[in-house]
Each structure stands twice: as structure tokens, then as C-alpha cells.
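For reference, the structure is listed below as C-alpha cells.
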Amino acid sequence: MEPYIRSTDITLTFTPKNRDAVTALKDFRIELNSGEFVSIVGPSGCGKSTFLNVLLGLLKPDKGEMEIGGKKITGPGVERAMVFQEFGLLPWRTVLANVELGPELKGESVASRRPRAQELINLVGLTGFEGHFPHELSGGMKQRVGLARALATDPEVLLMDEPFAALDAQTRDLMQAELLQIWDKHKKTVLFVTHSIEEAAYLSDRVIVMTKRPGRTKRIIKINLPRPRGYEMRLSPEFNDIKLDIWNNLKDELNARE
Amino acid sequence: MGFKGLSESSVRFLLGAGAVAGFFLVWEFLLTYVFVFNPFFITKPSLMWGATGDLILSGELWKDIYVSGTPFVFGFAAAVVIGIPVGVVMGWRRRVAFTLDPFLTALYASPLVALAPLLIVMFGVGVKGKTILIFLLAVFPFIFNAFAGVRSVDNLLINVVRSLGGKERDLYFKVILPSTLPYLVAGARIAIGRGIVGIIVGEFYAASEGIGHALIWFGDMYQLAHMFVCILVLMIIAVIFTQGLRKAELAIAPWRTQETR
């Protein structure tokens with residue numbers, strides 16, 4: 001089967017003012033099938049988030065290009081949406097207005113975007129909080145809004161940039177389980193960047209381990225665990241073997257000094 | 001103390017009003033019983049009360065407020081309408097900022113009231129000259145605060161709106177302007193003060209009516225009670241505008257006022 005998302009070797013170098021140039025990505029290549037859940041793990045600063053921004057269309061690579069559904073990516077598009085680590089909610093908008101942002105920017109009328117926004121708010125469990133402002137919400141609730149907002153444009157691909165990293169451990173477990181449910185129901189393609197080996201193993205069909213900067217693919221690990229995955233599965237020996245496998249691939253990258 | 005059961009806003013009002021009343025009472029008391037009262041040197045609240053009655057009954061006060069208020073409103077409105085877009089565009093487009101910066105910095109730093117005589121020569125002592133002076137004084141806080149506000153915009157929010165298909169226009173109206181709002185309110189406070197300076201200075205030279213003119217004229221005539229009433233009126237106008245601003249901020253920015261409270 002043709003992969004749904006495909007990149008040729010992506011290279012991207014940042015040249016900050018008064019600093020040395022930093023090559024964030026070098027010949028990074030990825031293939032994603034439609035409906036697949038893929039995680040990227042790698043050391044800090046390996047270019048994971050940079051890659052998501054390229055895929056989102058906010059950054060242009062120096063070399064290489066990306067294709068989605070056979071079409072070259074030249075900028076942001078409705079078939080992709082991002083969930084950001086720091087939520088990125090507009091503080092002056094209520095929950096409802098934040099969720100409606102995408103459709104609103106596309107010029108959809110209130111009549112058509114409102115019922116859908118309400119549906120998504122219900123889906124992420126925020127019924128009754130439509131009129132709240134972000135500062136009145138907890139971190140977990142904020143990221144629920146972030147997720148609902150990303151889903152509101154009905155994208156094919158959900159890009160998630162360490163979405164649960166700012167949450168406490170319990171909220172995080174809860175959100176992971178809910179994300180899997182939503183993914184199962186809506187059949188989106190998900191590309192999920194994380195620092196957590198456990199999170200990557202629990203959620204994904206495949207885990208891409210990246211090298212230290214400049215980031216390239218070190219290994220792709222297939223997670224052959226049955227779905228739906230419950231919390232108990234995380235305690236099984238198979239699950240631990242997978243975590244160990246990811247860790248063994250990752251640890252050299254963490255220790256290595258430039 | 002005795003404030004139990006009262007809401008915070010009533011306590012605030014009672015204490016504030018009480019302090020003002022107390023201030024006038026002490027003033028009256030000191031000049032009546034403690035110091036020798038010299039009407040060419042200072043006045044006291046009871047005389048100001050009479051002067052207020054005078055000015056109101058003769059209709060002069062209203063006329064002066066109208067004469068001074070008109071250019072103030074025009075000048076202030078022009079400062080808002082021109083200053084905010086200029087500051088926002090400067091903040092968002094660096095080259096525009098680089099180009100305009102030398103002029104604006106020089107004008108903001110220098111005492112613009114020095115231009116007053118020139119403006120009077122060029123535009124006369126009427127509404128036009130005063131409007132331009134008030135505009136010049138009030139526009140810079142808007143430009144610089146809008147500029148600072150835009151520079152403080154969270155880049156993440158820009159990326160969010162861009163990634164969802166937002167265009168330049170959406171960035172301005174859905175991210176930049178709302179983030180800049182608190183800076184604009186702060187700028188407006190400064191602009192009110194500077195605008196009132198504009199009223200007075202604009203009427204120092206050759207004017208024949210207006211609060212600023214009345215102030216000078218009563219001073220020249222040693223009618224200190226009337227003069228003080230004029231000063232008070234200017235203060236009250238400034239307070240009304242500042243309070244109006246606070247109310248307006250409450251209405252248009254509920255998320256902020258809830259945050260800061």
C-alpha cells in the first residue's frame with residue numbers, strides 16, 4: 001500500500017542571530033500509513049518538534065519535501081491539525097470560541113460550526129464548560145480544549161507535540177486512554193512526539209527512535225500489542241520488553257556528547 | 001472595624017469619599033482657625049463652593065467645558081484611530097518600525113508643548129489648533145504602547161492561528177490586537193493626562209474661552225476661588241475618563257479583569 005504521508009530526505013538548518021547555525025534535521029525520512037498511530041521519541045533538541053512544524057507547514061525545509069495523500073506540502077492545510085504542548089489557547093476566547101477557531105478561520109458560518117464544536121466539547125468531556133475562559137481551567141482541561149480544537153477542522157492527520165508533557169502523571173494516564181478511544185472512533189492518522197517511552201509504547205503502532213541532533217531515524221520499532229489496550233497491559237512482560245527495546249535504542253543517543 | 005457586612009466596593013467608595021471630604025474639611029479648618037487667610041495667596045473650600053455656583057449659574061462653566069472638551073474629544077479620538085494602527089504595524093513589521101523610529105522617539109522625548117505657539121500661528125486658537133496639539137500629545141502613548149504590546153505577542157498563538165489557515169488579517173484581529181489590549185489601556189491612561197495638558201497649553205496663548213483660558217484669566221484677576229474650581233474641573237474630567245476606561249476594559253476584556261482580580 002502507498003504510504004499516506006511520505007517525505008524525501010528532509011534537512012533543515014536554523015541560523016539564529018549571533019549564534020552558530022544549528023542543523024536540526026538531516027536527511028530525515030518518514031512514511032506513515034493512513035489511520036496509523038506513530039510516535040517519535042528522541043533526545044531533547046533532536047528536531048522532533050521541528051519536524052512536526054515542517055509537516056504542519058509552518059517551517060520550510062532547506063532540502064527535501066513532504067507529501068500527504070500524494071500532494072506536496074507547501075503550507076498549512078485543513079487535512080492537518082496540531083495539538084501543542086503548551087496548549088496555545090487564545091486567552092480571550094471561551095472554550096467554545098477556541099474550539100470553533102479553525103472552522104471560523106475557514107469562513108464557516110456559526111450555524112454550521114457550532115453544533116460540531118459542541119459535539120467535540122462533549123466528546124472530550126467538557127460539557128458545561130463552554131463559556132469558561134482558559135485561565136479558569138486546569139491543565140488537563142486546557143489540553144482537552146486543544147484536542148477538540150484540532151479535531152474541529154476534521155483533519156486527516158493529528159500532529160501532537162508532547163501534548164501531555166505539561167500534565168501531572170494521573171491526568172496524563174487518563175488523557176492517553178481517552179486519546180486512544182477518540183483515535184479508535186475517528187480513525188485519524190496520528191503522529192505523536194513524546195519524551196516518554198512508556199507513552200510511546202502504550203499508544204503507538206510504531207515508534208520511531210531518533211538520533212541526537214542532527215536528527216535522523218535510528219530505528220523503527222513495531223508495537224505488536226493487541227488493541228484496545230487497557231491499563232493492565234502496561235504491566236505485562238511483553239510491554240516491558242518493548243519499553244526495554246526502545247530504551248536500549250535511545251540510551252546511546254542520550255549519553256553521547258557532541 | 002465597622003465595615004463588616006459591606007461589600008468590598010462599598011467599603012472602597014466610603015473610604016475614598018470620606019478621604020476627599022476630610023481633605024476639604026481640614027483645608028477649610030486650617031484656613032479659618034489656624035492660619036491667617038490671605039485671599040490673594042490661597043483660597044478655601046467654602047469660597048470655591050460659592051465660585052462653583054457662580055460659574056454654573058452664569059453658564060460660563062458649561063460653555064468653557066464645551067469649548068475645551070470639543071478639541072479634546074477630537075484630538076483624543078484621532079490619537080486612538082491613528083496611533084493604534086501605526087503602533088501595531090510597527091510592532092509587526094520591523095522595517096516600518098526601523099523607518100519611523102527616529103521621528104517618533106525624537107517627538108515623544110521632546111516637550112511637544114514647545115510646538116504650541118507654532119501650531120497656534122499655523123492653525124489659529126480655535127478648535128483646529130487645539131485639536132492638533134492634543135492629538136500630538138496623546139498619540140505617542142498609543143503608538144508606543146501598541147508597539148510594545150505587539151512585541152509581547154505569544155508566538156505560539158501566532159503559530160496556532162497560522163496552522164489553522166489564518167491569514168495576515170486574522171493574525172491582526174484574532175491574536176495581535178487582543179494581546180495588545182492591556183497595553184493600550186495603559187497607554188490611554190497616559191494619553192488622557194497628556195491630552196489635558198494639551199487643553200491648558202493650547203489655551204494659554206491668545207485664547208478667549210475654554211477651561212484653560214478661564215484658569216489663566218482668573219489667576220491674573222486674583223480670583224483664586226474661581227481658578228481652583230477650574231483646576232478641580234480638569235481633575236474631575238481626568239478622573240471620569242480614567243474610570244470610563246476601567247469600565248470599558250471590563251466590558252471588552254472580561255478574561256483579563258477576571259485574571260487580575
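Convention: chains lettered A, B, ... in C-alpha cells order; per-chain residue numbering from 1; ligands numbered from 1 as shown.
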
At most 7 Å to chain A: residues in chain B, only C-alpha atoms, as number ranges by chain: B: 156-157, 160, 163-166, 255

Find the residues near Asp161 of chain A: any atom within 9 Å, counting only C-alpha atoms, skip ones fewer than 5 places away on the same chain, and give them as a ChimeraX atom specification. /A:48-49,52,82-85,191-194

Write to file, as a short mmCIF file (atom, residue, chain, number, x, y, z; two decimals), in the first residue's frame, the residues of the selection just made, with all heavy atoms.
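Output file out.cif follows:
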data_model
loop_
_atom_site.label_atom_id
_atom_site.label_comp_id
_atom_site.auth_asym_id
_atom_site.auth_seq_id
_atom_site.Cartn_x
_atom_site.Cartn_y
_atom_site.Cartn_z
N LYS A 48 12.58 16.78 16.80
CA LYS A 48 11.24 16.16 16.71
C LYS A 48 10.17 17.21 16.44
O LYS A 48 9.36 17.08 15.53
CB LYS A 48 10.88 15.46 18.03
CG LYS A 48 11.90 14.50 18.56
CD LYS A 48 11.41 13.82 19.82
CE LYS A 48 11.33 14.73 21.03
NZ LYS A 48 12.58 14.96 21.74
N SER A 49 10.22 18.26 17.28
CA SER A 49 9.20 19.31 17.15
C SER A 49 9.38 20.07 15.85
O SER A 49 8.40 20.46 15.21
CB SER A 49 9.28 20.28 18.31
OG SER A 49 9.05 19.59 19.51
N LEU A 52 7.65 18.23 13.19
CA LEU A 52 6.20 18.43 13.21
C LEU A 52 5.83 19.77 12.57
O LEU A 52 4.84 19.87 11.85
CB LEU A 52 5.66 18.40 14.64
CG LEU A 52 5.44 17.04 15.29
CD1 LEU A 52 4.59 17.20 16.54
CD2 LEU A 52 4.77 16.07 14.34
N MET A 82 -2.65 20.47 14.65
CA MET A 82 -1.66 20.22 15.69
C MET A 82 -2.26 20.43 17.08
O MET A 82 -3.04 21.34 17.31
CB MET A 82 -0.49 21.20 15.49
CG MET A 82 0.58 21.10 16.53
SD MET A 82 2.00 20.16 15.99
CE MET A 82 3.24 21.43 15.92
N VAL A 83 -1.83 19.57 17.99
CA VAL A 83 -2.11 19.79 19.42
C VAL A 83 -0.77 20.17 20.05
O VAL A 83 0.19 19.42 19.93
CB VAL A 83 -2.68 18.51 20.08
CG1 VAL A 83 -2.94 18.76 21.56
CG2 VAL A 83 -3.95 18.06 19.38
N PHE A 84 -0.73 21.34 20.67
CA PHE A 84 0.53 21.89 21.13
C PHE A 84 0.80 21.56 22.60
O PHE A 84 -0.13 21.46 23.40
CB PHE A 84 0.53 23.41 20.98
CG PHE A 84 0.43 23.88 19.56
CD1 PHE A 84 -0.81 23.99 18.93
CD2 PHE A 84 1.56 24.20 18.82
CE1 PHE A 84 -0.92 24.42 17.61
CE2 PHE A 84 1.46 24.64 17.52
CZ PHE A 84 0.22 24.74 16.91
N GLN A 85 2.08 21.45 22.94
CA GLN A 85 2.45 21.12 24.31
C GLN A 85 1.92 22.15 25.30
O GLN A 85 1.38 21.81 26.35
CB GLN A 85 3.97 21.03 24.44
CG GLN A 85 4.41 20.70 25.85
CD GLN A 85 5.93 20.66 25.99
OE1 GLN A 85 6.66 20.78 25.02
NE2 GLN A 85 6.39 20.47 27.20
N LEU A 191 0.54 11.46 14.45
CA LEU A 191 1.99 11.49 14.65
C LEU A 191 2.23 12.19 15.98
O LEU A 191 1.87 13.34 16.16
CB LEU A 191 2.67 12.25 13.51
CG LEU A 191 4.19 12.17 13.51
CD1 LEU A 191 4.67 10.73 13.45
CD2 LEU A 191 4.78 12.95 12.35
N PHE A 192 2.82 11.45 16.90
CA PHE A 192 2.85 11.86 18.29
C PHE A 192 4.29 11.97 18.76
O PHE A 192 5.03 11.00 18.75
CB PHE A 192 2.11 10.77 19.09
CG PHE A 192 1.78 11.12 20.51
CD1 PHE A 192 0.49 11.50 20.85
CD2 PHE A 192 2.73 11.03 21.52
CE1 PHE A 192 0.15 11.79 22.17
CE2 PHE A 192 2.40 11.34 22.83
CZ PHE A 192 1.10 11.70 23.15
N VAL A 193 4.70 13.16 19.15
CA VAL A 193 6.06 13.36 19.64
C VAL A 193 6.04 13.32 21.16
O VAL A 193 5.18 13.92 21.79
CB VAL A 193 6.62 14.71 19.16
CG1 VAL A 193 7.84 15.10 19.96
CG2 VAL A 193 6.97 14.64 17.68
N THR A 194 6.95 12.58 21.75
CA THR A 194 6.97 12.47 23.21
C THR A 194 8.38 12.20 23.72
O THR A 194 9.25 11.76 22.98
CB THR A 194 6.02 11.36 23.70
OG1 THR A 194 6.09 11.26 25.10
CG2 THR A 194 6.38 10.02 23.09
#

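Nearest to Tyr205 of chain B of all the residues B:Lys130, B:Arg12, B:Arg151, B:Arg169 is B:Lys130, counting only C-alpha atoms.
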
As a PyMOL selection string, please: the residues near Leu245 of chain B (cut-off 12 Å, only C-alpha atoms, same-chain neighbours under 4 positions excluded). chain B and resi 181-182+184-192+238-241+249-253

Considering only C-alpha atoms, return as a list in words whatever protein or nucleic-acid residues lie within 10 Å of Leu47 of chain B, sequence-local ones (same chain, fewer than 4 positions apart) excluded. Glu28, Pro39, Thr43, Ala51, Thr52, Gly53, Leu224, Ala225, His226, Phe228 and Val229 of chain B

Which residues come within 8 Å of Val139 of chain B, counting only C-alpha atoms, excluding same-chain residues fewer than 4 positions away, as number ranges by chain? B: 76, 78-80, 82-83, 135, 143, 191
